[in-house]
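Asks: Take a look at data-v3.cif, mmCIF, C-alpha atoms and all ligand atoms:
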data_model
loop_
_atom_site.label_atom_id
_atom_site.label_comp_id
_atom_site.auth_asym_id
_atom_site.auth_seq_id
_atom_site.Cartn_x
_atom_site.Cartn_y
_atom_site.Cartn_z
CA MET F 8 0.00 0.00 0.00
CA THR F 9 1.68 3.21 -1.08
CA ILE F 10 0.01 5.56 1.40
CA LYS F 11 1.20 3.37 4.23
CA ASN F 12 4.73 3.35 2.77
CA ASN F 13 4.72 7.10 2.26
CA LEU F 14 3.62 7.60 5.86
CA ASN F 15 6.18 5.21 7.27
CA ASN F 16 8.98 6.75 5.20
CA LEU F 17 8.00 10.20 6.36
CA LYS F 18 7.73 9.17 9.99
CA SER F 19 11.13 7.49 9.91
CA GLU F 20 12.60 10.74 8.60
CA ILE F 21 11.22 13.12 11.21
CA PRO F 22 11.95 13.26 14.94
CA SER F 23 9.34 11.43 16.99
CA SER F 24 8.66 14.66 18.88
CA VAL F 25 7.32 16.32 15.70
CA VAL F 26 3.58 15.80 15.23
CA LEU F 27 2.52 14.88 11.72
CA VAL F 28 -0.80 16.22 10.43
CA ALA F 29 -1.74 14.21 7.35
CA VAL F 30 -3.44 16.73 5.07
CA SER F 31 -6.27 14.82 3.43
CA LYS F 32 -8.11 17.68 1.72
CA THR F 33 -9.68 16.66 -1.62
CA LYS F 34 -8.77 13.02 -0.96
CA PRO F 35 -11.45 10.32 -0.58
CA ASN F 36 -12.30 8.39 2.57
CA ASN F 37 -10.66 5.19 1.38
CA MET F 38 -7.29 6.93 1.20
CA ILE F 39 -7.76 8.32 4.69
CA MET F 40 -8.64 4.82 5.87
CA ASP F 41 -5.39 3.48 4.39
CA ALA F 42 -3.52 5.93 6.60
CA TYR F 43 -5.83 5.16 9.53
CA ASP F 44 -5.28 1.42 9.18
CA SER F 45 -1.54 1.94 9.36
CA GLY F 46 -2.08 3.68 12.69
CA HIS F 47 -2.37 7.35 11.81
CA ARG F 48 -5.02 9.42 13.59
CA ILE F 49 -4.37 13.11 12.87
CA PHE F 50 -5.78 14.58 9.68
CA GLY F 51 -5.99 18.11 8.32
CA GLU F 52 -8.72 19.62 6.17
CA ASN F 53 -9.17 23.14 4.83
CA ARG F 54 -12.88 23.18 3.94
CA ILE F 55 -15.65 23.06 6.51
CA GLN F 56 -18.18 20.99 4.59
CA GLU F 57 -15.59 18.45 3.51
CA MET F 58 -14.31 18.10 7.07
CA ILE F 59 -17.82 17.61 8.46
CA THR F 60 -18.69 14.99 5.86
CA LYS F 61 -15.50 13.09 6.60
CA TYR F 62 -15.93 13.44 10.35
CA GLU F 63 -19.43 11.97 10.11
CA SER F 64 -18.44 8.98 8.01
CA LEU F 65 -15.03 8.06 9.45
CA PRO F 66 -13.94 6.61 12.82
CA LYS F 67 -14.53 8.88 15.78
CA ASP F 68 -11.03 8.58 17.21
CA ILE F 69 -9.64 10.66 14.34
CA GLU F 70 -8.37 14.09 15.39
CA TRP F 71 -9.50 16.66 12.85
CA HIS F 72 -7.38 19.77 12.37
CA MET F 73 -8.81 22.77 10.51
CA ILE F 74 -5.83 24.13 8.60
CA GLY F 75 -7.57 26.48 6.16
CA HIS F 76 -9.09 29.91 6.38
CA LEU F 77 -12.14 29.79 8.61
CA GLN F 78 -15.20 31.99 8.10
CA ARG F 79 -16.85 33.14 11.29
CA ASN F 80 -20.31 31.93 10.30
CA LYS F 81 -18.96 28.38 9.87
CA VAL F 82 -17.31 28.02 13.28
CA LYS F 83 -20.43 26.57 14.90
CA TYR F 84 -20.41 23.55 12.60
CA ILE F 85 -16.97 22.33 13.64
CA ALA F 86 -16.85 23.55 17.26
CA PRO F 87 -18.18 20.27 18.70
CA PHE F 88 -15.43 18.08 17.26
CA VAL F 89 -12.47 20.01 15.84
CA SER F 90 -9.30 19.17 17.70
CA LEU F 91 -7.10 22.12 16.64
CA ILE F 92 -7.82 25.21 14.54
CA HIS F 93 -4.58 26.30 12.84
CA GLY F 94 -5.73 29.32 10.88
CA VAL F 95 -6.95 31.83 13.45
CA ASP F 96 -6.10 35.20 11.99
CA SER F 97 -8.22 37.83 13.76
CA ILE F 98 -9.64 38.83 17.11
CA LYS F 99 -13.12 38.68 15.58
CA LEU F 100 -12.61 35.03 14.70
CA LEU F 101 -11.25 34.27 18.18
CA ILE F 102 -14.32 35.88 19.72
CA GLU F 103 -16.63 33.76 17.57
CA ILE F 104 -14.76 30.55 18.37
CA ASN F 105 -14.93 31.44 22.07
CA LYS F 106 -18.66 32.11 21.81
CA GLN F 107 -19.43 28.82 20.07
CA ALA F 108 -17.14 26.90 22.41
CA LYS F 109 -18.84 28.42 25.45
CA GLN F 110 -22.26 27.34 24.19
CA ILE F 111 -21.19 23.72 24.17
CA ASN F 112 -18.94 24.06 27.22
CA ARG F 113 -15.84 22.92 25.36
CA VAL F 114 -12.44 24.60 25.33
CA ILE F 115 -11.09 24.72 21.77
CA LYS F 116 -7.39 24.63 20.97
CA CYS F 117 -6.22 27.23 18.48
CA LEU F 118 -3.09 28.49 16.76
CA LEU F 119 -2.60 32.04 15.57
CA GLN F 120 -1.70 32.06 11.90
CA ILE F 121 1.06 34.55 11.24
CA HIS F 122 1.57 36.04 7.79
CA ILE F 123 5.19 35.18 7.04
CA ALA F 124 5.14 34.75 3.25
CA LYS F 125 5.78 37.34 0.59
CA GLU F 126 2.53 36.52 -1.22
CA GLU F 127 -0.30 38.91 -0.44
CA THR F 128 -2.85 36.14 -0.75
CA LYS F 129 -1.78 34.03 2.22
CA TYR F 130 -3.86 34.74 5.28
CA GLY F 131 -2.49 35.57 8.65
CA ILE F 132 -1.89 38.32 11.14
CA LYS F 133 1.13 40.57 10.94
CA TYR F 134 3.93 40.45 13.48
CA SER F 135 2.98 43.99 14.43
CA GLU F 136 -0.52 42.82 15.44
CA LEU F 137 0.56 39.74 17.33
CA GLU F 138 1.05 41.32 20.74
CA SER F 139 -2.43 42.83 20.82
CA VAL F 140 -4.12 39.63 19.63
CA LEU F 141 -2.28 37.65 22.30
CA ASN F 142 -3.27 40.16 24.96
CA TYR F 143 -6.88 39.96 23.94
CA SER F 144 -6.88 36.17 23.81
CA GLU F 145 -6.19 36.02 27.53
CA SER F 146 -9.73 37.19 28.23
CA LEU F 147 -11.29 34.32 26.26
CA GLU F 148 -12.01 31.44 28.62
CA TYR F 149 -12.99 28.88 26.02
CA ILE F 150 -9.93 29.39 23.82
CA ASN F 151 -6.74 27.48 24.51
CA LEU F 152 -4.13 29.24 22.42
CA VAL F 153 -1.38 26.65 22.12
CA GLY F 154 0.97 28.27 19.62
CA LEU F 155 1.63 29.74 16.19
CA MET F 156 1.25 28.61 12.60
CA GLY F 157 2.79 29.89 9.39
CA MET F 158 3.10 29.18 5.67
CA ALA F 159 6.33 30.10 3.95
CA THR F 160 6.55 31.73 0.53
CA PHE F 161 6.03 29.29 -2.35
CA THR F 162 9.55 29.34 -3.78
CA LYS F 163 12.51 27.11 -4.47
CA ASP F 164 14.77 29.65 -2.77
CA GLU F 165 15.54 27.95 0.51
CA GLN F 166 17.13 31.07 1.95
CA VAL F 167 13.79 32.83 1.73
CA ILE F 168 11.95 29.93 3.35
CA ASN F 169 14.57 29.49 6.06
CA LEU F 170 14.53 33.16 7.01
CA GLU F 171 10.73 33.14 7.28
CA PHE F 172 10.79 30.06 9.51
CA LYS F 173 13.65 31.44 11.58
CA ASN F 174 11.84 34.70 12.25
CA LEU F 175 8.65 32.91 13.22
CA LYS F 176 10.56 30.62 15.57
CA LYS F 177 12.09 33.69 17.20
CA LYS F 178 8.62 35.11 17.88
CA TYR F 179 7.40 31.74 19.10
CA ASP F 180 10.28 31.52 21.57
CA PHE F 181 9.72 35.09 22.69
CA TYR F 182 6.11 34.36 23.74
CA LYS F 183 6.45 30.68 24.56
CA SER F 184 6.72 30.78 28.34
CA LYS F 185 4.33 33.68 28.90
CA TYR F 186 1.54 32.01 26.91
CA ASN F 187 2.48 28.41 27.56
CA PHE F 188 2.94 27.62 23.87
CA SER F 189 3.64 24.05 22.83
CA VAL F 190 2.91 24.05 19.09
CA LEU F 191 4.79 25.66 16.23
CA SER F 192 2.98 24.52 13.09
CA ILE F 193 5.31 25.05 10.12
CA GLY F 194 6.32 22.84 7.23
CA MET F 195 4.48 21.23 4.30
CA SER F 196 5.51 18.62 1.69
CA GLY F 197 8.02 20.94 0.05
CA ASP F 198 9.62 22.47 3.10
CA TYR F 199 9.07 20.31 6.17
CA GLN F 200 12.78 19.54 6.50
CA ASN F 201 13.59 23.23 6.58
CA ALA F 202 10.78 23.76 9.09
CA ILE F 203 12.04 21.01 11.39
CA ASN F 204 15.54 22.50 11.24
CA PHE F 205 14.01 25.73 12.49
CA GLY F 206 12.11 24.23 15.38
CA SER F 207 8.79 23.04 13.97
CA THR F 208 6.82 20.89 16.41
CA MET F 209 4.02 20.09 13.95
CA ILE F 210 4.18 19.61 10.19
CA ARG F 211 1.21 19.57 7.80
CA VAL F 212 1.93 17.22 4.92
CA GLY F 213 -0.48 16.32 2.13
CA SER F 214 0.85 15.50 -1.31
CA LYS F 215 3.89 13.63 -0.03
CA ILE F 216 1.54 11.17 1.65
CA PHE F 217 -1.54 11.06 -0.57
CA GLY F 218 -0.09 12.15 -3.93
CA GLU F 219 -0.57 15.35 -5.89
CA ARG F 220 -3.93 17.10 -5.76
CA LYS F 221 -5.74 18.12 -8.93
C1 LIG F 301 -2.74 22.00 1.57
C2 LIG F 301 -2.06 22.52 2.78
C3 LIG F 301 -0.95 21.85 3.32
C4 LIG F 301 -0.33 20.60 2.71
O1 LIG F 301 0.27 20.90 1.47
P1 LIG F 301 1.21 19.83 0.73
O2 LIG F 301 2.12 20.67 -0.08
O3 LIG F 301 0.32 18.97 -0.08
O4 LIG F 301 1.93 19.06 1.77
C5 LIG F 301 -0.38 22.34 4.48
N1 LIG F 301 -0.88 23.44 5.09
C6 LIG F 301 -1.94 24.11 4.61
C7 LIG F 301 -2.43 25.30 5.33
C8 LIG F 301 -2.56 23.68 3.44
O5 LIG F 301 -3.61 24.36 2.96
#
What would the structure in this file look like if it were written as structure tokens?
Ligand SMILES: *Cc1c(COP(=O)(O)O)cnc(C)c1O
Replies:
Amino acid sequence: MTIKNNLNNLKSEIPSSVVLVAVSKTKPNNMIMDAYDSGHRIFGENRIQEMITKYESLPKDIEWHMIGHLQRNKVKYIAPFVSLIHGVDSIKLLIEINKQAKQINRVIKCLLQIHIAKEETKYGIKYSELESVLNYSESLEYINLVGLMGMATFTKDEQVINLEFKNLKKKYDFYKSKYNFSVLSIGMSGDYQNAINFGSTMIRVGSKIFGERK
């Protein structure tokens, strides 16, 4: 089974302390079950409806991570089961997650997505906004802010990628003890090795496990 091989190869390559999120977006349930049957339990999706459909039809011990941009009006649909929201990029979104979490009396783990790439299109908060978002988050009882997430520029220039990861790691370390951070979510199929070199604790890998997406 190639998915199983891909997973095992990847896992043998990364330190056991680094958490692997298998990004299953666009991929069918049977491919997720191949990974599941080889022991994997953590999957990442970037669309709400797709994640809900998969959650409903697949084993309940899967941990679902929302890695994409999240619209505020969709938070309520995933609040009951999502295990980590990676892409929190505004105070408004934090407030909505807190509100939905409070209604079901469940604390939801979140990461703040930081805009580290050169592309305008990638979501995320700016470094200059980080301090105020962190300050505000302390008042939200149903949010457990466990760390930071970032996506590097899409480029073959490793110096660019490395500098972006290095700067994010610096920020992560700066706030780590004050906010009790434990997760730095950086690294995808193309750059997870760079990310791990710069202190990633969680990588989000899709195509290297499940094959290219259309
Ligand atoms: C799709 C996606 C990934 C995985 O990308 P691959 O290059 O297939 O590994 C990781 N993170 C986010 C936020 C994504 O949207």
Asks: Using 6 Å of padding on each side, determine the axis-aligned box around all atoms of ligand LIG 301 (chain F) present in the file and give its centre and edge lengths in Å to one decimal, as lines of an AutoDock Vina configuration file.
Replies:
center_x = -0.7
center_y = 22.1
center_z = 2.6
size_x = 17.7
size_y = 18.3
size_z = 17.4
Asks: If we count only C-alpha atoms and set the cut-off at 8 Å, which residues sit around segment 44-48 of chain F, ignoring sequence neighbours fewer than 6 positions away in its own chain? Please answer as a ChimeraX atom specification.
Replies: /F:11,68-70
Asks: To one decimal place, how far is atom CA of Asn204 of chain F from atom CA of Val30 of chain F in Å?
Replies: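 Separating atom CA of Asn204 of chain F from atom CA of Val30 of chain F is a distance of 20.8 Å.
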Asks: Kindly compile the residues surrounding ligand LIG 301 (chain F) within 7 Å, counting all atoms listed in the file, and format them as a count of residues only.
Replies: 15
Asks: Quick one, how far is atom CA of Leu91 of chain F from atom CA of Leu170 of chain F?
Replies: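 So the two atoms, atom CA of Leu91 of chain F and atom CA of Leu170 of chain F, lie 26.1 Å apart.
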Asks: Considering all atoms listed in the file, can you say which of F:Pro35, F:Gly218, F:Gly94, F:Gly194 comes closest to Arg79 of chain F?
Replies: F:Gly94
Asks: May I ask for the distance between atom CA of Val190 of chain F and atom CA of Ala202 of chain F, given in Å to one decimal place?
Replies: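 Between these atoms lies a distance of 12.7 Å.
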Asks: Which polymer residues, protein or nucleic acid, are no farther than 6 Å from (19.0, 28.0, 4.3), counting all atoms listed in the file, as JSON, numbers by chain?
Replies: {"F": [165, 166, 169]}
Asks: So, counting all atoms listed in the file, which residue among F:Gln107, F:Ser24, F:Thr128, F:Ser97 is closest to Val82 of chain F?
Replies: F:Gln107
